[in-house]
>>> print(open('model_14.cif').read())   # mmCIF, C-alpha atoms
data_protein
#
loop_
_atom_site.group_PDB
_atom_site.id
_atom_site.type_symbol
_atom_site.label_atom_id
_atom_site.label_comp_id
_atom_site.auth_asym_id
_atom_site.auth_seq_id
_atom_site.Cartn_x
_atom_site.Cartn_y
_atom_site.Cartn_z
ATOM 1 C CA ALA A 23 0.000 0.000 0.000
ATOM 2 C CA ARG A 24 2.851 2.394 0.819
ATOM 3 C CA ALA A 25 4.620 1.690 -2.465
ATOM 4 C CA LEU A 26 1.492 2.416 -4.479
ATOM 5 C CA GLN A 27 0.582 5.445 -2.357
ATOM 6 C CA THR A 28 3.823 7.086 -3.494
ATOM 7 C CA LYS A 29 2.651 6.573 -7.111
ATOM 8 C CA GLY A 30 -0.629 8.350 -6.354
ATOM 9 C CA TRP A 31 -2.689 5.177 -5.930
ATOM 10 C CA PRO A 32 -3.995 4.845 -2.364
ATOM 11 C CA ILE A 33 -5.269 1.379 -1.457
ATOM 12 C CA TYR A 34 -8.694 0.884 0.135
ATOM 13 C CA VAL A 35 -10.300 -2.440 0.987
ATOM 14 C CA ARG A 36 -13.950 -2.746 0.007
ATOM 15 C CA SER A 37 -16.323 -5.108 1.741
ATOM 16 C CA THR A 38 -18.116 -6.212 -1.440
ATOM 17 C CA GLY A 39 -15.382 -8.605 -2.478
ATOM 18 C CA GLY A 40 -13.402 -9.038 -5.659
ATOM 19 C CA THR A 41 -9.755 -8.450 -6.468
ATOM 20 C CA ILE A 42 -7.975 -5.163 -7.114
ATOM 21 C CA CYS A 43 -10.135 -2.678 -9.009
ATOM 22 C CA PRO A 44 -8.459 0.641 -9.868
ATOM 23 C CA LEU A 45 -10.572 3.794 -9.849
ATOM 24 C CA GLY A 46 -9.859 7.196 -11.296
ATOM 25 C CA PRO A 47 -10.793 9.689 -13.983
ATOM 26 C CA GLY A 48 -13.092 8.224 -16.620
ATOM 27 C CA VAL A 49 -14.430 5.519 -14.290
ATOM 28 C CA LEU A 50 -17.991 5.949 -13.046
ATOM 29 C CA ASN A 51 -18.802 4.215 -9.764
ATOM 30 C CA LEU A 52 -22.371 3.230 -9.040
ATOM 31 C CA SER A 53 -23.490 2.009 -5.629
ATOM 32 C CA TYR A 54 -27.028 0.770 -5.222
ATOM 33 C CA VAL A 55 -28.599 -0.343 -1.964
ATOM 34 C CA ASN A 56 -31.955 -2.059 -1.884
ATOM 35 C CA ARG A 57 -34.018 -4.341 0.258
ATOM 36 C CA PHE A 58 -34.993 -7.571 -1.471
ATOM 37 C CA LYS A 59 -37.620 -10.064 -0.433
ATOM 38 C CA PHE A 60 -37.010 -13.553 -1.752
ATOM 39 C CA ALA A 61 -39.612 -16.307 -2.016
ATOM 40 C CA ASP A 62 -37.004 -18.704 -0.697
ATOM 41 C CA ARG A 63 -33.606 -17.811 0.756
ATOM 42 C CA PHE A 64 -31.296 -15.112 -0.619
ATOM 43 C CA SER A 65 -29.657 -15.947 -3.914
ATOM 44 C CA SER A 66 -26.578 -14.006 -4.984
ATOM 45 C CA ALA A 67 -27.146 -15.215 -8.552
ATOM 46 C CA ALA A 68 -30.674 -13.768 -8.539
ATOM 47 C CA SER A 69 -29.557 -10.380 -7.232
ATOM 48 C CA TYR A 70 -26.583 -10.237 -9.627
ATOM 49 C CA THR A 71 -28.869 -11.148 -12.536
ATOM 50 C CA TRP A 72 -31.339 -8.430 -11.562
ATOM 51 C CA PHE A 73 -28.552 -5.822 -11.287
ATOM 52 C CA CYS A 74 -26.833 -6.836 -14.526
ATOM 53 C CA ASN A 75 -30.147 -6.652 -16.394
ATOM 54 C CA LYS A 76 -30.568 -3.061 -15.176
ATOM 55 C CA LEU A 77 -27.034 -2.219 -16.327
ATOM 56 C CA LEU A 78 -27.647 -3.817 -19.735
ATOM 57 C CA GLN A 79 -30.840 -1.753 -20.083
ATOM 58 C CA SER A 80 -28.859 1.393 -19.286
ATOM 59 C CA ILE A 81 -26.236 0.859 -21.971
ATOM 60 C CA SER A 82 -28.948 -0.036 -24.490
ATOM 61 C CA HIS A 83 -29.873 3.679 -24.461
ATOM 62 C CA PHE A 84 -26.615 4.167 -26.389
ATOM 63 C CA GLY A 85 -27.455 1.484 -28.936
ATOM 64 C CA VAL A 86 -24.985 -0.830 -27.208
ATOM 65 C CA SER A 87 -25.824 -4.439 -26.477
ATOM 66 C CA GLY A 88 -23.821 -6.587 -24.159
ATOM 67 C CA THR A 89 -23.729 -9.879 -22.358
ATOM 68 C CA VAL A 90 -22.899 -10.997 -18.840
ATOM 69 C CA GLY A 91 -19.820 -13.080 -18.148
ATOM 70 C CA ALA A 92 -16.127 -13.359 -17.433
ATOM 71 C CA VAL A 93 -13.381 -11.762 -19.553
ATOM 72 C CA PRO A 94 -9.950 -13.403 -19.427
ATOM 73 C CA GLY A 95 -7.152 -10.879 -19.010
ATOM 74 C CA CYS A 96 -9.182 -8.147 -17.317
ATOM 75 C CA TYR A 97 -8.697 -6.989 -13.753
ATOM 76 C CA CYS A 98 -11.201 -7.981 -11.066
ATOM 77 C CA ASP A 99 -12.726 -10.570 -13.354
ATOM 78 C CA GLY A 100 -15.944 -12.278 -12.387
ATOM 79 C CA GLY A 101 -18.921 -14.052 -13.832
ATOM 80 C CA TYR A 102 -21.064 -10.915 -13.677
ATOM 81 C CA ASN A 103 -19.147 -8.434 -15.814
ATOM 82 C CA ILE A 104 -21.014 -6.526 -18.496
ATOM 83 C CA VAL A 105 -19.185 -7.515 -21.667
ATOM 84 C CA VAL A 106 -19.275 -5.721 -25.030
ATOM 85 C CA SER A 107 -17.421 -7.124 -28.043
ATOM 86 C CA GLY A 108 -15.675 -9.638 -25.768
ATOM 87 C CA ARG A 109 -14.272 -6.880 -23.536
ATOM 88 C CA LYS A 110 -15.198 -5.765 -20.023
ATOM 89 C CA LEU A 111 -17.199 -2.539 -19.867
ATOM 90 C CA ILE A 112 -18.638 -2.857 -16.360
ATOM 91 C CA GLY A 113 -17.536 -4.837 -13.336
ATOM 92 C CA THR A 114 -19.931 -5.662 -10.518
ATOM 93 C CA SER A 115 -19.747 -6.727 -6.890
ATOM 94 C CA GLN A 116 -22.208 -7.101 -4.062
ATOM 95 C CA ARG A 117 -22.588 -7.656 -0.359
ATOM 96 C CA CYS A 118 -25.696 -8.767 1.459
ATOM 97 C CA ALA A 119 -26.898 -8.354 5.013
ATOM 98 C CA PRO A 120 -29.829 -10.458 6.136
ATOM 99 C CA ILE A 121 -32.676 -8.536 7.745
ATOM 100 C CA SER A 122 -34.676 -11.620 8.673
ATOM 101 C CA ARG A 123 -33.346 -14.826 10.205
ATOM 102 C CA ASP A 124 -34.653 -16.929 7.321
ATOM 103 C CA TYR A 125 -32.698 -14.911 4.706
ATOM 104 C CA GLN A 126 -35.900 -14.071 2.845
ATOM 105 C CA ASP A 127 -35.539 -10.358 3.622
ATOM 106 C CA VAL A 128 -32.074 -9.077 2.713
ATOM 107 C CA ALA A 129 -30.389 -5.687 2.286
ATOM 108 C CA VAL A 130 -28.043 -5.824 -0.689
ATOM 109 C CA LEU A 131 -25.284 -3.362 -1.611
ATOM 110 C CA MET A 132 -24.527 -3.637 -5.315
ATOM 111 C CA HIS A 133 -21.601 -1.877 -6.896
ATOM 112 C CA ALA A 134 -20.708 -1.270 -10.536
ATOM 113 C CA THR A 135 -17.481 0.143 -11.921
ATOM 114 C CA ILE A 136 -18.211 1.535 -15.375
ATOM 115 C CA LEU A 137 -15.468 2.420 -17.845
ATOM 116 C CA VAL A 138 -16.647 5.626 -19.511
ATOM 117 C CA SER A 139 -13.398 7.134 -20.804
ATOM 118 C CA ALA A 140 -10.682 5.716 -18.564
ATOM 119 C CA ASP A 141 -6.991 5.469 -19.381
ATOM 120 C CA LYS A 142 -7.061 1.668 -19.649
ATOM 121 C CA GLU A 143 -3.287 1.362 -19.979
ATOM 122 C CA ARG A 144 -2.763 3.325 -16.751
ATOM 123 C CA LEU A 145 -5.351 1.224 -14.896
ATOM 124 C CA CYS A 146 -3.775 -2.027 -16.040
ATOM 125 C CA ASN A 147 -0.266 -0.793 -15.203
ATOM 126 C CA ILE A 148 -1.267 -0.111 -11.602
ATOM 127 C CA VAL A 149 -2.983 -3.498 -11.293
ATOM 128 C CA ASN A 150 0.071 -5.234 -12.712
ATOM 129 C CA SER A 151 2.305 -3.266 -10.311
ATOM 130 C CA PHE A 152 0.109 -4.290 -7.388
ATOM 131 C CA ASN A 153 0.133 -7.921 -8.510
ATOM 132 C CA ALA A 154 3.927 -7.903 -8.839
ATOM 133 C CA LEU A 155 4.384 -6.280 -5.418
ATOM 134 C CA THR A 156 2.091 -8.877 -3.838
ATOM 135 C CA GLU A 157 3.785 -11.724 -5.734
ATOM 136 C CA GLN A 158 0.721 -12.627 -7.796
ATOM 137 C CA GLU A 159 1.344 -14.011 -11.254
ATOM 138 C CA VAL A 160 -1.818 -12.508 -12.765
ATOM 139 C CA VAL A 161 -1.145 -10.058 -15.607
ATOM 140 C CA VAL A 162 -3.979 -7.963 -17.001
ATOM 141 C CA SER A 163 -4.236 -6.260 -20.385
ATOM 142 C CA GLU A 164 -5.968 -3.130 -21.593
ATOM 143 C CA ASN A 165 -7.113 -5.203 -24.592
ATOM 144 C CA ALA A 166 -9.577 -6.945 -22.246
ATOM 145 C CA LEU A 167 -11.306 -3.639 -21.449
ATOM 146 C CA ILE A 168 -13.538 -1.249 -23.368
ATOM 147 C CA ASN A 169 -14.730 2.280 -22.610
ATOM 148 C CA LEU A 170 -18.282 3.378 -23.335
ATOM 149 C CA ALA A 171 -16.761 6.342 -25.207
ATOM 150 C CA GLU A 172 -15.112 3.883 -27.632
ATOM 151 C CA ILE A 173 -18.431 2.361 -28.669
ATOM 152 C CA CYS A 174 -20.690 5.379 -28.373
ATOM 153 C CA SER A 175 -20.406 8.029 -31.037
ATOM 154 C CA SER A 176 -22.940 10.427 -29.526
ATOM 155 C CA GLY A 177 -21.151 13.405 -28.017
ATOM 156 C CA GLY A 178 -18.145 13.993 -25.814
ATOM 157 C CA GLU A 179 -17.125 12.325 -22.590
ATOM 158 C CA GLU A 180 -19.219 14.576 -20.318
ATOM 159 C CA ASN A 181 -22.298 14.096 -22.494
ATOM 160 C CA ILE A 182 -21.847 10.309 -22.401
ATOM 161 C CA LYS A 183 -21.372 10.336 -18.622
ATOM 162 C CA GLU A 184 -24.446 12.515 -18.042
ATOM 163 C CA ARG A 185 -26.586 10.418 -20.393
ATOM 164 C CA LEU A 186 -25.418 7.256 -18.658
ATOM 165 C CA ILE A 187 -26.270 8.665 -15.233
ATOM 166 C CA ASP A 188 -29.748 9.570 -16.538
ATOM 167 C CA ALA A 189 -30.173 6.056 -17.955
ATOM 168 C CA LEU A 190 -29.039 4.477 -14.707
#
>>> encode(input="model_14.cif", output="structure tokens")
Amino acid sequence: ARALQTKGWPIYVRSTGGTICPLGPGVLNLSYVNRFKFADRFSSAASYTWFCNKLLQSISHFGVSGTVGAVPGCYCDGGYNIVVSGRKLIGTSQRCAPISRDYQDVAVLMHATILVSADKERLCNIVNSFNALTEQEVVVSENALINLAEICSSGGEENIKERLIDAL
């Protein structure tokens, strides 16, 4: 953490899980908290599916269609990324807190990290530096990532960000 702090990358640990996920200019962070009532017990797959469907609806306002899945070579990879053209556009994570003892009533924090116009090379360099410092063999590539600005031809970065926030 000290080594990366000197490079301008402070380290924070989030309670929603996942591996290192760099944040910075051009990355839009969305946190959503809701109370869910399940017919049976809580299902992380059901809440992830619900959230990912909302994210897919949001990017459809730009004429962009995507899928949900993993992307080899991206940072903080998981089965619930929003993927466009085989590249990660949005990463997701979640944390649940049961409200009822039977896990039918649950508060869920959902988080999305959306690449709007990020410097993908810079993000991957910091992840690779972190992985090297922590003796992890994982190497990530900017080729596994895509910015919304790369696939949306309607307006500049600020316009895209504002339209995305409205869609979300």
>>> residues_around(input="model_14.cif", residues="Ile168 in chain A", least_positions_apart="5", cutoff="10 Å", atoms="all atoms listed in the file", output="list of chain:residue names")
A:Val105, A:Val106, A:Ser107, A:Gly108, A:Arg109, A:Lys110, A:Leu111, A:Ile112, A:Ile136, A:Leu137, A:Val138, A:Ser139, A:Ala140, A:Lys142, A:Ile173
>>> residues_around(input="model_14.cif", residues="range 64-73 of chain A", least_positions_apart="5", cutoff="10 Å", atoms="only C-alpha atoms", output="PDB file with C-alpha atoms, in the coordinates of the input")
ATOM      1  CA  TYR A  54     -27.028   0.770  -5.222  1.00  0.00           C
ATOM      2  CA  PHE A  58     -34.993  -7.571  -1.471  1.00  0.00           C
ATOM      3  CA  LYS A  59     -37.620 -10.064  -0.433  1.00  0.00           C
ATOM      4  CA  LEU A  78     -27.647  -3.817 -19.735  1.00  0.00           C
ATOM      5  CA  GLN A  79     -30.840  -1.753 -20.083  1.00  0.00           C
ATOM      6  CA  VAL A  90     -22.899 -10.997 -18.840  1.00  0.00           C
ATOM      7  CA  GLY A 101     -18.921 -14.052 -13.832  1.00  0.00           C
ATOM      8  CA  TYR A 102     -21.064 -10.915 -13.677  1.00  0.00           C
ATOM      9  CA  ASN A 103     -19.147  -8.434 -15.814  1.00  0.00           C
ATOM     10  CA  THR A 114     -19.931  -5.662 -10.518  1.00  0.00           C
ATOM     11  CA  SER A 115     -19.747  -6.727  -6.890  1.00  0.00           C
ATOM     12  CA  GLN A 116     -22.208  -7.101  -4.062  1.00  0.00           C
ATOM     13  CA  ARG A 117     -22.588  -7.656  -0.359  1.00  0.00           C
ATOM     14  CA  CYS A 118     -25.696  -8.767   1.459  1.00  0.00           C
ATOM     15  CA  ALA A 119     -26.898  -8.354   5.013  1.00  0.00           C
ATOM     16  CA  PRO A 120     -29.829 -10.458   6.136  1.00  0.00           C
ATOM     17  CA  ASP A 124     -34.653 -16.929   7.321  1.00  0.00           C
ATOM     18  CA  TYR A 125     -32.698 -14.911   4.706  1.00  0.00           C
ATOM     19  CA  GLN A 126     -35.900 -14.071   2.845  1.00  0.00           C
ATOM     20  CA  ASP A 127     -35.539 -10.358   3.622  1.00  0.00           C
ATOM     21  CA  VAL A 128     -32.074  -9.077   2.713  1.00  0.00           C
ATOM     22  CA  ALA A 129     -30.389  -5.687   2.286  1.00  0.00           C
ATOM     23  CA  VAL A 130     -28.043  -5.824  -0.689  1.00  0.00           C
ATOM     24  CA  LEU A 131     -25.284  -3.362  -1.611  1.00  0.00           C
ATOM     25  CA  MET A 132     -24.527  -3.637  -5.315  1.00  0.00           C
ATOM     26  CA  HIS A 133     -21.601  -1.877  -6.896  1.00  0.00           C
ATOM     27  CA  ALA A 134     -20.708  -1.270 -10.536  1.00  0.00           C
TER      28      ALA A 134
END
>>> atom_distance(input="model_14.cif", atom1="CA of Lys29 in chain A", atom2="CA of Gly46 in chain A")
13.2 Å
>>> residues_around(input="model_14.cif", residues="range 145-150 of chain A", least_positions_apart="5", cutoff="7 Å", atoms="all atoms listed in the file", output="list in words")
Ile42, Pro44, Val161, Val162, Ser163 and Glu164 of chain A
>>> atom_distance(input="model_14.cif", atom1="CA of Thr135 in chain A", atom2="CA of Gly113 in chain A")
5.2 Å
>>> resolve_selection(input="model_14.cif", expression="the PyMOL selection byres ((chain A and resi 81-85) around 8)", output="ChimeraX atom specification")
/A:77-80,86-87,174,176,186,189
>>> resolve_selection(input="model_14.cif", expression="the PyMOL selection byres ((chain A and resi 33) around 6)", output="JSON list (two decimals) with C-alpha atoms, in the frame of the given file")
[["chain", "number", "residue", "atom", "x", "y", "z"],
["A", 23, "ALA", "CA", 0.00, 0.00, 0.00],
["A", 32, "PRO", "CA", -4.00, 4.84, -2.36],
["A", 34, "TYR", "CA", -8.69, 0.88, 0.14]]
>>> atom_distance(input="model_14.cif", atom1="CA of Phe152 in chain A", atom2="CA of Thr89 in chain A")
28.7 Å
>>> closest_residue(input="model_14.cif", among="A:Ser122, A:Gln158, A:Asn165, A:Asn153", to="Leu26 in chain A", atoms="only C-alpha atoms")
A:Asn153
